[in-house]
>>> print(open('protein_33.csv').read())   # CSV, C-alpha atoms
chain,number,residue,atom,x,y,z
A,11,MET,CA,-22.3,-18.2,30.5
A,12,PHE,CA,-24.8,-15.9,32.2
A,13,GLU,CA,-22.8,-14.3,34.9
A,14,ILE,CA,-23.2,-11.1,37.0
A,15,ASN,CA,-20.0,-9.7,38.4
A,16,LEU,CA,-20.2,-6.4,40.2
A,17,HIS,CA,-16.7,-6.2,41.7
A,18,GLY,CA,-15.5,-2.7,42.0
A,19,LYS,CA,-19.0,-1.3,42.4
A,20,ILE,CA,-20.1,0.6,45.6
A,21,ALA,CA,-23.7,0.2,46.8
A,22,LEU,CA,-25.3,2.5,49.3
A,23,ILE,CA,-28.3,0.8,50.9
A,24,THR,CA,-30.7,2.1,53.5
A,25,GLY,CA,-32.5,0.0,56.1
A,26,VAL,CA,-29.9,-2.8,56.1
A,27,THR,CA,-30.4,-4.3,59.6
A,28,SER,CA,-33.4,-6.5,58.7
A,29,GLY,CA,-35.7,-7.6,56.0
A,30,ILE,CA,-35.3,-6.5,52.4
A,31,GLY,CA,-32.5,-4.1,53.1
A,32,LEU,CA,-30.4,-6.9,54.6
A,33,GLY,CA,-31.3,-9.4,51.9
A,34,THR,CA,-30.3,-6.9,49.2
A,35,ALA,CA,-27.0,-6.1,50.9
A,36,LYS,CA,-26.2,-9.8,51.1
A,37,MET,CA,-26.9,-10.4,47.5
A,38,LEU,CA,-25.0,-7.3,46.2
A,39,ALA,CA,-22.1,-8.3,48.4
A,40,LYS,CA,-22.1,-11.8,46.9
A,41,ALA,CA,-21.9,-10.2,43.5
A,42,GLY,CA,-18.8,-8.3,44.6
A,43,CYS,CA,-20.1,-4.9,45.6
A,44,ALA,CA,-18.6,-2.9,48.5
A,45,ILE,CA,-21.5,-2.1,50.8
A,46,ALA,CA,-22.4,1.0,52.7
A,47,GLY,CA,-25.5,0.7,54.8
A,48,CYS,CA,-27.5,2.6,57.4
A,49,GLY,CA,-30.3,1.9,59.8
A,50,MET,CA,-31.8,3.1,63.0
A,51,GLU,CA,-30.0,0.6,65.2
A,52,GLU,CA,-26.8,1.6,67.0
A,53,GLU,CA,-23.5,0.4,65.6
A,54,ASP,CA,-22.9,-1.9,68.5
A,55,SER,CA,-26.4,-3.5,68.4
A,56,VAL,CA,-26.9,-7.1,67.6
A,57,ALA,CA,-28.7,-6.2,64.3
A,58,ALA,CA,-25.9,-3.9,63.1
A,59,LYS,CA,-23.2,-6.4,64.0
A,60,SER,CA,-25.1,-9.2,62.2
A,61,PHE,CA,-25.3,-7.0,59.1
A,62,VAL,CA,-21.6,-6.3,59.2
A,63,ALA,CA,-20.7,-9.9,59.7
A,64,ALA,CA,-22.9,-11.0,56.8
A,65,ILE,CA,-21.2,-8.7,54.4
A,66,GLU,CA,-17.7,-9.5,55.7
A,67,ALA,CA,-18.5,-13.1,55.0
A,68,ALA,CA,-18.7,-12.2,51.3
A,69,GLN,CA,-15.2,-10.8,51.6
A,70,VAL,CA,-16.1,-7.3,50.4
A,71,PRO,CA,-15.7,-3.9,52.2
A,72,VAL,CA,-18.5,-2.9,54.5
A,73,PHE,CA,-19.5,0.3,56.3
A,74,TYR,CA,-22.5,0.9,58.7
A,75,SER,CA,-23.9,4.0,60.2
A,76,GLN,CA,-26.8,4.6,62.6
A,77,THR,CA,-28.8,7.2,60.7
A,78,ASP,CA,-32.3,8.7,61.0
A,79,LEU,CA,-33.1,9.5,57.4
A,80,THR,CA,-35.9,11.8,58.3
A,81,LYS,CA,-33.2,14.2,59.7
A,82,PRO,CA,-31.5,15.9,56.7
A,83,SER,CA,-28.4,16.6,58.7
A,84,GLU,CA,-27.9,12.9,59.6
A,85,MET,CA,-28.6,11.8,56.0
A,86,GLU,CA,-26.0,14.3,54.7
A,87,GLY,CA,-23.5,13.1,57.3
A,88,PHE,CA,-24.1,9.5,56.3
A,89,VAL,CA,-23.5,10.2,52.6
A,90,LYS,CA,-20.3,12.2,53.4
A,91,GLU,CA,-19.0,9.3,55.5
A,92,VAL,CA,-19.7,6.9,52.6
A,93,LEU,CA,-17.8,9.1,50.2
A,94,LYS,CA,-14.9,9.4,52.6
A,95,LYS,CA,-14.8,5.6,53.1
A,96,TYR,CA,-15.0,4.8,49.4
A,97,ASN,CA,-13.0,7.6,47.9
A,98,GLY,CA,-15.9,9.6,46.5
A,99,GLY,CA,-17.7,6.8,44.7
A,100,ILE,CA,-21.3,5.6,44.7
A,101,ASP,CA,-22.5,3.3,41.8
A,102,ILE,CA,-25.7,1.9,43.1
A,103,LEU,CA,-28.3,3.5,45.5
A,104,VAL,CA,-30.9,1.2,46.9
A,105,SER,CA,-33.3,3.5,48.7
A,106,ASN,CA,-35.2,1.0,50.8
A,107,ALA,CA,-36.0,2.3,54.3
A,108,GLY,CA,-39.6,2.8,55.3
A,109,LYS,CA,-42.4,1.5,57.4
A,110,ASN,CA,-46.2,1.0,57.1
A,111,PHE,CA,-48.5,3.4,58.9
A,112,PHE,CA,-51.6,1.4,59.8
A,113,LYS,CA,-54.0,4.3,59.6
A,114,GLY,CA,-57.1,5.1,57.6
A,115,ALA,CA,-58.1,8.3,55.8
A,116,ASP,CA,-59.0,9.9,59.1
A,117,CYS,CA,-55.4,9.8,60.3
A,118,GLU,CA,-54.0,12.7,62.2
A,119,GLU,CA,-52.1,15.4,60.3
A,120,THR,CA,-49.0,14.5,62.3
A,121,GLU,CA,-49.3,10.9,61.2
A,122,TRP,CA,-49.7,11.9,57.6
A,123,GLN,CA,-46.7,14.1,57.7
A,124,GLU,CA,-44.5,11.5,59.4
A,125,ASN,CA,-45.5,8.9,56.8
A,126,MET,CA,-44.8,11.2,53.8
A,127,ASP,CA,-41.5,12.3,55.2
A,128,LEU,CA,-40.2,8.8,55.7
A,129,ASN,CA,-41.8,6.9,52.9
A,130,LEU,CA,-41.6,9.6,50.1
A,131,SER,CA,-39.4,12.6,50.9
A,132,THR,CA,-36.4,10.7,52.2
A,133,HIS,CA,-36.1,8.8,48.9
A,134,TRP,CA,-36.1,12.1,46.9
A,135,ARG,CA,-33.6,13.8,49.3
A,136,LEU,CA,-31.2,10.8,49.3
A,137,ALA,CA,-31.3,10.5,45.5
A,138,LYS,CA,-30.5,14.2,45.2
A,139,LEU,CA,-27.5,13.9,47.5
A,140,CYS,CA,-26.1,10.9,45.6
A,141,LYS,CA,-26.8,12.3,42.1
A,142,PRO,CA,-23.4,14.0,41.4
A,143,TYR,CA,-21.6,10.7,42.2
A,144,LEU,CA,-24.1,8.5,40.4
A,145,GLU,CA,-23.6,10.7,37.3
A,146,LEU,CA,-19.9,10.2,37.4
A,147,SER,CA,-20.3,6.4,37.5
A,148,GLU,CA,-23.4,6.3,35.2
A,149,GLY,CA,-25.1,4.6,38.1
A,150,LEU,CA,-28.4,3.2,39.2
A,151,VAL,CA,-31.1,4.3,41.6
A,152,ILE,CA,-33.4,1.6,42.9
A,153,ILE,CA,-36.4,2.8,44.9
A,154,MET,CA,-38.2,0.3,47.0
A,155,THR,CA,-41.9,0.8,46.8
A,156,SER,CA,-44.6,-1.8,47.6
A,157,ASN,CA,-47.6,-3.7,46.2
A,158,HIS,CA,-49.5,-1.0,48.1
A,159,ALA,CA,-48.7,1.1,45.1
A,160,SER,CA,-51.0,-1.0,42.9
A,161,ALA,CA,-53.6,-2.1,45.4
A,162,THR,CA,-55.5,0.1,47.8
A,163,ILE,CA,-55.4,-1.9,51.0
A,164,PRO,CA,-57.8,-0.7,53.7
A,165,GLY,CA,-56.4,0.7,56.9
A,166,CYS,CA,-53.1,1.8,55.3
A,167,PHE,CA,-54.2,5.1,53.7
A,168,PRO,CA,-51.1,7.3,54.1
A,169,TYR,CA,-48.8,4.3,53.2
A,170,ASN,CA,-50.8,3.5,50.1
A,171,VAL,CA,-50.5,7.2,49.0
A,172,SER,CA,-46.8,7.5,49.6
A,173,LYS,CA,-46.0,4.2,47.9
A,174,THR,CA,-48.1,5.2,44.9
A,175,ALA,CA,-46.2,8.5,44.7
A,176,LEU,CA,-42.9,6.7,44.6
A,177,THR,CA,-43.8,5.2,41.2
A,178,GLY,CA,-44.1,8.8,40.0
A,179,LEU,CA,-40.8,9.7,41.5
A,180,VAL,CA,-39.2,6.8,39.6
A,181,ARG,CA,-40.6,8.0,36.3
A,182,SER,CA,-39.6,11.6,36.9
A,183,LEU,CA,-36.0,10.8,37.9
A,184,ALA,CA,-35.6,8.5,34.9
A,185,ILE,CA,-36.7,11.3,32.6
A,186,GLU,CA,-34.8,14.1,34.2
A,187,TRP,CA,-31.6,12.3,35.2
A,188,GLY,CA,-31.3,9.9,32.3
A,189,PRO,CA,-29.3,8.8,30.5
A,190,LYS,CA,-26.5,9.3,33.0
A,191,ILE,CA,-28.5,7.7,35.8
A,192,ARG,CA,-31.0,4.9,35.5
A,193,THR,CA,-33.9,4.8,38.0
A,194,VAL,CA,-36.1,1.8,38.6
A,195,GLY,CA,-38.6,0.8,41.3
A,196,LEU,CA,-39.2,-2.5,42.9
A,197,ALA,CA,-42.6,-3.3,44.5
A,198,PRO,CA,-42.4,-6.4,46.6
A,199,GLY,CA,-45.5,-8.0,48.1
A,200,PHE,CA,-45.6,-11.2,50.1
A,201,ILE,CA,-42.0,-11.2,51.3
A,202,ASP,CA,-40.9,-13.0,54.5
A,203,THR,CA,-40.8,-9.9,56.7
A,204,PRO,CA,-42.9,-9.1,59.8
A,205,GLY,CA,-46.6,-9.0,59.2
A,206,ASN,CA,-46.7,-10.7,55.8
A,207,GLN,CA,-47.4,-14.2,57.0
A,208,ASP,CA,-50.9,-13.1,58.2
A,209,TRP,CA,-51.6,-11.6,54.8
A,210,PHE,CA,-50.4,-14.7,53.1
A,211,ASP,CA,-52.5,-17.0,55.3
A,212,SER,CA,-55.6,-15.0,54.5
A,213,PHE,CA,-55.7,-16.5,51.0
A,214,GLN,CA,-57.4,-19.6,52.1
A,215,GLU,CA,-60.4,-21.4,50.6
A,216,PRO,CA,-62.1,-24.6,51.8
A,217,GLU,CA,-61.7,-27.6,49.5
A,218,LYS,CA,-64.9,-29.4,50.6
A,219,GLU,CA,-64.5,-32.6,48.7
A,220,LYS,CA,-61.2,-33.3,50.4
A,221,GLN,CA,-62.2,-31.6,53.7
A,222,ARG,CA,-59.2,-29.4,53.9
A,223,THR,CA,-58.2,-25.8,53.4
A,224,ILE,CA,-55.9,-24.7,50.6
A,225,ASN,CA,-54.0,-21.5,50.0
A,226,LEU,CA,-54.9,-19.9,46.7
A,227,HIS,CA,-51.6,-18.1,46.3
A,228,PRO,CA,-50.0,-19.1,43.0
A,229,VAL,CA,-46.5,-19.7,44.4
A,230,LYS,CA,-47.8,-20.9,47.7
A,231,ARG,CA,-45.0,-19.4,49.8
A,232,LEU,CA,-43.6,-16.1,50.9
A,233,GLY,CA,-40.8,-14.6,48.9
A,234,THR,CA,-37.4,-14.0,50.6
A,235,PRO,CA,-35.5,-10.8,51.1
A,236,GLU,CA,-32.7,-12.4,49.2
A,237,GLU,CA,-34.9,-12.9,46.2
A,238,ILE,CA,-35.6,-9.2,46.1
A,239,GLY,CA,-31.9,-8.7,46.5
A,240,GLY,CA,-31.4,-10.9,43.5
A,241,TRP,CA,-33.6,-8.5,41.4
A,242,CYS,CA,-31.4,-5.7,42.6
A,243,VAL,CA,-28.2,-7.5,41.4
A,244,PHE,CA,-29.8,-8.2,38.0
A,245,LEU,CA,-30.9,-4.5,37.7
A,246,ALA,CA,-27.4,-3.4,38.5
A,247,SER,CA,-25.9,-5.6,35.8
A,248,LYS,CA,-25.3,-5.1,32.1
A,249,TYR,CA,-28.2,-7.4,31.3
A,250,ALA,CA,-30.6,-4.7,32.6
A,251,ALA,CA,-28.9,-1.7,31.1
A,252,PHE,CA,-32.1,-0.8,29.2
A,253,ALA,CA,-34.3,-0.8,32.4
A,254,SER,CA,-35.3,2.6,33.6
A,255,GLY,CA,-38.4,4.6,34.5
A,256,THR,CA,-40.6,1.7,35.5
A,257,THR,CA,-41.6,-0.1,38.7
A,258,TYR,CA,-41.4,-3.9,38.8
A,259,LEU,CA,-44.2,-5.6,40.8
A,260,ILE,CA,-42.7,-8.7,42.5
A,261,ASP,CA,-45.3,-10.5,44.6
A,262,GLY,CA,-45.4,-14.1,43.5
A,263,GLY,CA,-48.7,-13.7,41.7
A,264,ARG,CA,-50.7,-12.0,44.4
A,265,SER,CA,-51.8,-9.3,41.9
A,266,ALA,CA,-52.9,-12.0,39.4
A,267,LEU,CA,-54.9,-13.6,42.2
A,268,MET,CA,-56.6,-10.4,43.3
A,269,GLN,CA,-56.8,-9.0,39.8
A,270,ASP,CA,-55.2,-5.7,40.8
A,271,PRO,CA,-54.8,-3.3,37.9
A,272,TYR,CA,-51.2,-2.1,37.4
>>> encode(input="protein_33.csv", output="structure tokens")
Amino acid sequence: MFEINLHGKIALITGVTSGIGLGTAKMLAKAGCAIAGCGMEEEDSVAAKSFVAAIEAAQVPVFYSQTDLTKPSEMEGFVKEVLKKYNGGIDILVSNAGKNFFKGADCEETEWQENMDLNLSTHWRLAKLCKPYLELSEGLVIIMTSNHASATIPGCFPYNVSKTALTGLVRSLAIEWGPKIRTVGLAPGFIDTPGNQDWFDSFQEPEKEKQRTINLHPVKRLGTPEEIGGWCVFLASKYAAFASGTTYLIDGGRSALMQDPY
């Protein structure tokens, strides 16, 4: 029987109060992982409480901390709290937090720096902080990149660059930290998170003979955060023990449709 059981594992996940981070936390919890998550929302916010409740429903330990990852002191404090909560253990790091900067190549220097700090530097800093504990457990780093890493989307210049750079970070960490630590990237595309419905709906073409409009997307629906979380569960399992140093593009066929090179 093909079965994935991650009981006894501890997963640290960033950006857990919505979207892919929340979906990933739910799926790893269902597989048995204890979950430590952070986000920008306060601990008593509706979003944070919903996250905690979702993980508690899976009957595994859960911890949440409001953390601004662009502030190294807060990041360090979060990791220390996780280690205290879970007796010095981290087995899986899902470095997910980030946001799009809808700016072109004429963006301001401050916008460029803000983007690079959040969407690139924080992933490197967090991985370094977790490295000693991941080495002990021969653990896994999953870095959430984007289909922006494989397709230059106009009006998202700094975001495109940082997400492309993350694929290089994945390769470098896999080489330098292996074999003790595996490092992989996930590049989701049309996932059911804010803004993606408009992109999905843009793949329309008139079908004149039937006087209707059809969507050209191969799967014809958005993916779910839980489906991305399922990939994380698989990558953390023994069945993916050979996976390291590459970024998996998961976009339901969008790249095939647009013929993006990867």
>>> residues_around(input="protein_33.csv", residues="stretch 142-150 of chain A", least_positions_apart="5", cutoff="8 Å", atoms="only C-alpha atoms", output="list in words")
Gly98, Gly99, Ile100, Asp101, Ile102, Leu103, Pro189, Lys190, Ile191, Arg192, Thr193, Val194 and Ala246 of chain A
>>> closest_residue(input="protein_33.csv", among="A:Ile224, A:Ala161, A:Leu128, A:Ile201", to="A:Ala266", atoms="only C-alpha atoms")
A:Ala161
>>> closest_residue(input="protein_33.csv", among="A:Asp208, A:Glu236, A:Leu226, A:Ala197", to="A:Ile260", atoms="all atoms listed in the file")
A:Ala197
>>> residues_around(input="protein_33.csv", residues="A:Ala39", least_positions_apart="5", cutoff="9 Å", atoms="only C-alpha atoms", output="list in words")
Leu16, His17, Ala21, Thr34, Ala44, Ile45, Ala64, Ile65, Glu66, Ala67, Ala68, Gln69, Val70, Pro71 and Val72 of chain A
>>> residues_near_point(input="protein_33.csv", point="(-25.4, -1.0, 63.8)", cutoff="10 Å", atoms="all atoms listed in the file", output="list in words")
Val26, Thr27, Gly47, Cys48, Gly49, Met50, Glu51, Glu52, Glu53, Asp54, Ser55, Val56, Ala57, Ala58, Lys59, Ser60, Phe61, Val62, Phe73, Tyr74, Ser75, Gln76 and Thr77 of chain A
>>> atom_distance(input="protein_33.csv", atom1="atom CA of A:Val180", atom2="atom CA of A:Thr24")
17.0 Å
>>> atom_distance(input="protein_33.csv", atom1="atom CA of A:Thr234", atom2="atom CA of A:Arg135")
28.1 Å
>>> atom_distance(input="protein_33.csv", atom1="atom CA of A:Asn206", atom2="atom CA of A:Ala250")
28.9 Å
>>> residues_around(input="protein_33.csv", residues="A:Ser182", least_positions_apart="6", cutoff="10 Å", atoms="all atoms listed in the file", output="ChimeraX atom specification")
/A:176,188,193,255
>>> closest_residue(input="protein_33.csv", among="A:Thr256, A:Lys141, A:Thr120, A:Asn225", to="A:Gly178", atoms="all atoms listed in the file")
A:Thr256
>>> closest_residue(input="protein_33.csv", among="A:Ile163, A:Leu79, A:Leu93, A:Cys140", to="A:Gly114", atoms="all atoms listed in the file")
A:Ile163
